[in-house]
Amino acid sequence: MKIHYKNKTLNTNLFFGLMWLIFGLLGIFTNEKPYWTDYVLLVISILYLVLYFYHKKNQYLTIENGEIFHNYPFGKKINLAEIKVIKKFAGDYILKTDKTELTINTQSIDKKSLVNLNVELEKLNVEWN
């Protein structure tokens, strides 16, 4: 099961990527001699666009095979059976095991996916704080 980002989060990355791309291209093609900052804007736009497409494809979390995985390039993976405590703090869920903890930002999650996440977490027989 995939836990999706809010469309607002994805669209913000797309907006900034396109905005920096336009500014960079305008700087390169309208100036007689482009400044180095114009190329930096292109790099920033590429990073935002890569982030957008990565998040669009992989989404925020994946729950499968008894594991919850944070979909970042070096994201954390926690076995659901090892979770001891789930703590709610400032709109986040903090899943704690004996060795690690995983923080889930619920404000970045789509409403329907948040319901699915809550259902999955409530299936676990763990302490909620």
# chains A, B, ... in the order shown; residues from 1 in each chain; ligands from 1

call {"tool": "closest_atom_pairs", "arguments": {"of": "stretch 12-72 of chain A", "to": "stretch 99-121 of chain A", "cutoff": "10 Å", "atoms": "only C-alpha atoms", "output": "JSON lines"}}
result
{"residue": "A:Gln59", "atom": "CA", "partner": "A:Ile109", "partner_atom": "CA", "distance": 9.3}
{"residue": "A:Tyr60", "atom": "CA", "partner": "A:Ile109", "partner_atom": "CA", "distance": 7.4}
{"residue": "A:Leu61", "atom": "CA", "partner": "A:Ile104", "partner_atom": "CA", "distance": 8.7}
{"residue": "A:Thr62", "atom": "CA", "partner": "A:Leu117", "partner_atom": "CA", "distance": 9.9}
{"residue": "A:Ile63", "atom": "CA", "partner": "A:Glu120", "partner_atom": "CA", "distance": 8.7}
{"residue": "A:Ile68", "atom": "CA", "partner": "A:Leu102", "partner_atom": "CA", "distance": 9.2}
{"residue": "A:Phe69", "atom": "CA", "partner": "A:Leu102", "partner_atom": "CA", "distance": 9.2}
{"residue": "A:His70", "atom": "CA", "partner": "A:Leu102", "partner_atom": "CA", "distance": 8.2}

call {"tool": "select_by_dssp", "arguments": {"residues": "chain A", "states": "strand (DSSP E or B)", "output": "MDAnalysis selection string"}}
result
chainID A and resid 2:3 5 61:64 67:70 77:79 85:89 92:96 101:105 109 127:128

call {"tool": "closest_residue", "arguments": {"among": "A:Phe53, A:Trp20, A:Trp128, A:Tyr35", "to": "A:Lys84", "atoms": "only C-alpha atoms"}}
result
A:Trp128

call {"tool": "closest_residue", "arguments": {"among": "A:Asn71, A:Asn65, A:Asn129, A:Thr30", "to": "A:His4", "atoms": "only C-alpha atoms"}}
result
A:Asn71

call {"tool": "select_by_dssp", "arguments": {"residues": "chain A", "states": "alpha helix (DSSP H)", "output": "JSON, numbers by chain"}}
result
{"A": [7, 8, 9, 10, 11, 12, 13, 14, 15, 16, 17, 18, 19, 20, 21, 22, 23, 24, 25, 26, 27, 28, 29, 30, 36, 37, 38, 39, 40, 41, 42, 43, 44, 45, 46, 47, 48, 49, 50, 51, 52, 53, 54, 55, 56, 57, 58, 111, 112, 113, 114, 115, 116, 117, 118, 119, 120, 121, 122, 123]}

call {"tool": "residues_around", "arguments": {"residues": "A:Leu51", "least_positions_apart": "4", "cutoff": "10 Å", "atoms": "only C-alpha atoms", "output": "list in words"}}
result
Leu10, Asn13, Leu14, Gly17, Ser45, Ile46, Leu47, His55, Lys56, Lys57 and Tyr72 of chain A

call {"tool": "closest_residue", "arguments": {"among": "A:Asn125, A:Thr12, A:Asn31, A:Asn58", "to": "A:Val85", "atoms": "only C-alpha atoms"}}
result
A:Asn125

call {"tool": "residues_around", "arguments": {"residues": "A:Leu42", "least_positions_apart": "5", "cutoff": "10 Å", "atoms": "only C-alpha atoms", "output": "list in words"}}
result
Gly17, Leu18, Met19, Trp20, Leu21, Ile22, Phe23, Gly24, Leu25, Gly27, Ile28, Thr37, Leu47 and Tyr48 of chain A

call {"tool": "atom_distance", "arguments": {"atom1": "atom CA of A:Asn79", "atom2": "atom CA of A:Tyr54"}}
result
23.6 Å

call {"tool": "decode", "arguments": {"residues": "stretch 1-120 of chain A", "atoms": "C-alpha atoms", "output": "compact mmCIF listing (two decimals), in the first residue's frame"}}
result
# COMPACT_ATOMS: atom_id res chain seq x y z
CA MET A 1 0.00 0.00 0.00
CA LYS A 2 1.29 3.44 -0.88
CA ILE A 3 0.69 6.45 1.31
CA HIS A 4 0.42 9.41 -1.07
CA TYR A 5 1.60 12.99 -0.76
CA LYS A 6 -0.93 15.80 -0.85
CA ASN A 7 -1.32 17.24 -4.32
CA LYS A 8 -0.36 20.61 -2.86
CA THR A 9 3.07 19.28 -1.87
CA LEU A 10 3.68 17.78 -5.30
CA ASN A 11 2.39 20.82 -7.16
CA THR A 12 4.60 23.14 -5.10
CA ASN A 13 7.70 21.25 -6.22
CA LEU A 14 6.50 21.33 -9.83
CA PHE A 15 5.74 25.07 -9.62
CA PHE A 16 9.18 25.95 -8.23
CA GLY A 17 10.91 23.70 -10.75
CA LEU A 18 9.16 25.36 -13.68
CA MET A 19 9.59 28.84 -12.21
CA TRP A 20 13.36 28.47 -11.78
CA LEU A 21 13.59 26.89 -15.22
CA ILE A 22 11.86 29.88 -16.82
CA PHE A 23 14.04 32.38 -14.93
CA GLY A 24 17.19 30.47 -15.85
CA LEU A 25 16.29 30.20 -19.53
CA LEU A 26 15.26 33.86 -19.69
CA GLY A 27 18.58 34.84 -18.15
CA ILE A 28 20.56 32.73 -20.59
CA PHE A 29 18.72 33.72 -23.76
CA THR A 30 18.03 37.40 -23.05
CA ASN A 31 21.45 38.45 -21.80
CA GLU A 32 24.27 38.99 -24.23
CA LYS A 33 26.57 37.19 -21.84
CA PRO A 34 24.75 34.93 -19.34
CA TYR A 35 25.71 35.20 -15.69
CA TRP A 36 26.78 32.18 -13.67
CA THR A 37 23.63 32.58 -11.57
CA ASP A 38 21.51 31.76 -14.63
CA TYR A 39 23.11 28.33 -14.74
CA VAL A 40 22.60 27.90 -11.00
CA LEU A 41 18.90 28.57 -11.54
CA LEU A 42 18.82 25.80 -14.14
CA VAL A 43 20.45 23.39 -11.69
CA ILE A 44 17.95 24.35 -8.98
CA SER A 45 15.07 23.84 -11.41
CA ILE A 46 16.37 20.40 -12.38
CA LEU A 47 16.62 19.43 -8.71
CA TYR A 48 13.03 20.54 -8.04
CA LEU A 49 11.74 18.73 -11.12
CA VAL A 50 13.62 15.54 -10.21
CA LEU A 51 12.17 15.78 -6.70
CA TYR A 52 8.67 16.23 -8.14
CA PHE A 53 8.92 13.19 -10.43
CA TYR A 54 10.55 11.07 -7.70
CA HIS A 55 7.79 11.90 -5.22
CA LYS A 56 5.09 11.44 -7.86
CA LYS A 57 6.38 7.95 -8.67
CA ASN A 58 7.33 6.67 -5.22
CA GLN A 59 4.99 8.67 -2.95
CA TYR A 60 5.59 9.25 0.78
CA LEU A 61 5.43 5.83 2.44
CA THR A 62 5.07 2.23 1.37
CA ILE A 63 3.57 -0.41 3.62
CA GLU A 64 4.03 -3.98 2.42
CA ASN A 65 5.31 -7.34 3.60
CA GLY A 66 5.02 -6.27 7.24
CA GLU A 67 7.32 -3.28 6.77
CA ILE A 68 6.86 0.46 6.52
CA PHE A 69 9.34 2.24 4.27
CA HIS A 70 10.00 5.99 4.02
CA ASN A 71 10.41 6.64 0.28
CA TYR A 72 13.46 8.88 0.32
CA PRO A 73 16.70 8.00 -1.45
CA PHE A 74 18.14 6.69 1.84
CA GLY A 75 14.83 6.33 3.68
CA LYS A 76 14.28 4.29 6.81
CA LYS A 77 12.58 0.92 6.87
CA ILE A 78 10.92 -0.45 10.00
CA ASN A 79 9.36 -3.83 10.57
CA LEU A 80 5.79 -3.28 11.79
CA ALA A 81 6.08 -6.15 14.28
CA GLU A 82 9.03 -4.42 16.00
CA ILE A 83 7.16 -1.17 16.73
CA LYS A 84 6.80 -0.67 20.49
CA VAL A 85 5.28 2.83 20.76
CA ILE A 86 3.51 5.25 18.44
CA LYS A 87 3.75 8.81 19.64
CA LYS A 88 1.66 11.69 18.27
CA PHE A 89 3.54 14.98 18.50
CA ALA A 90 2.84 18.26 16.66
CA GLY A 91 1.03 16.61 13.77
CA ASP A 92 3.64 13.87 13.39
CA TYR A 93 3.60 10.18 14.18
CA ILE A 94 6.81 8.88 15.70
CA LEU A 95 7.10 5.11 15.38
CA LYS A 96 9.60 3.76 17.90
CA THR A 97 11.31 0.40 18.04
CA ASP A 98 14.08 -0.71 20.37
CA LYS A 99 16.76 0.47 17.93
CA THR A 100 15.26 3.11 15.63
CA GLU A 101 12.45 5.55 15.20
CA LEU A 102 10.61 6.78 12.13
CA THR A 103 8.89 10.17 12.00
CA ILE A 104 5.87 10.51 9.71
CA ASN A 105 4.75 14.03 8.84
CA THR A 106 0.97 13.71 8.60
CA GLN A 107 0.61 17.21 7.16
CA SER A 108 2.23 16.06 3.92
CA ILE A 109 -0.09 13.08 3.51
CA ASP A 110 -3.25 13.02 1.40
CA LYS A 111 -6.44 12.75 3.50
CA LYS A 112 -7.52 9.39 2.04
CA SER A 113 -4.05 7.97 2.53
CA LEU A 114 -3.96 9.27 6.10
CA VAL A 115 -7.12 7.29 6.84
CA ASN A 116 -5.46 4.18 5.38
CA LEU A 117 -2.32 4.81 7.42
CA ASN A 118 -4.34 5.19 10.62
CA VAL A 119 -6.15 1.91 9.89
CA GLU A 120 -2.85 0.11 9.40
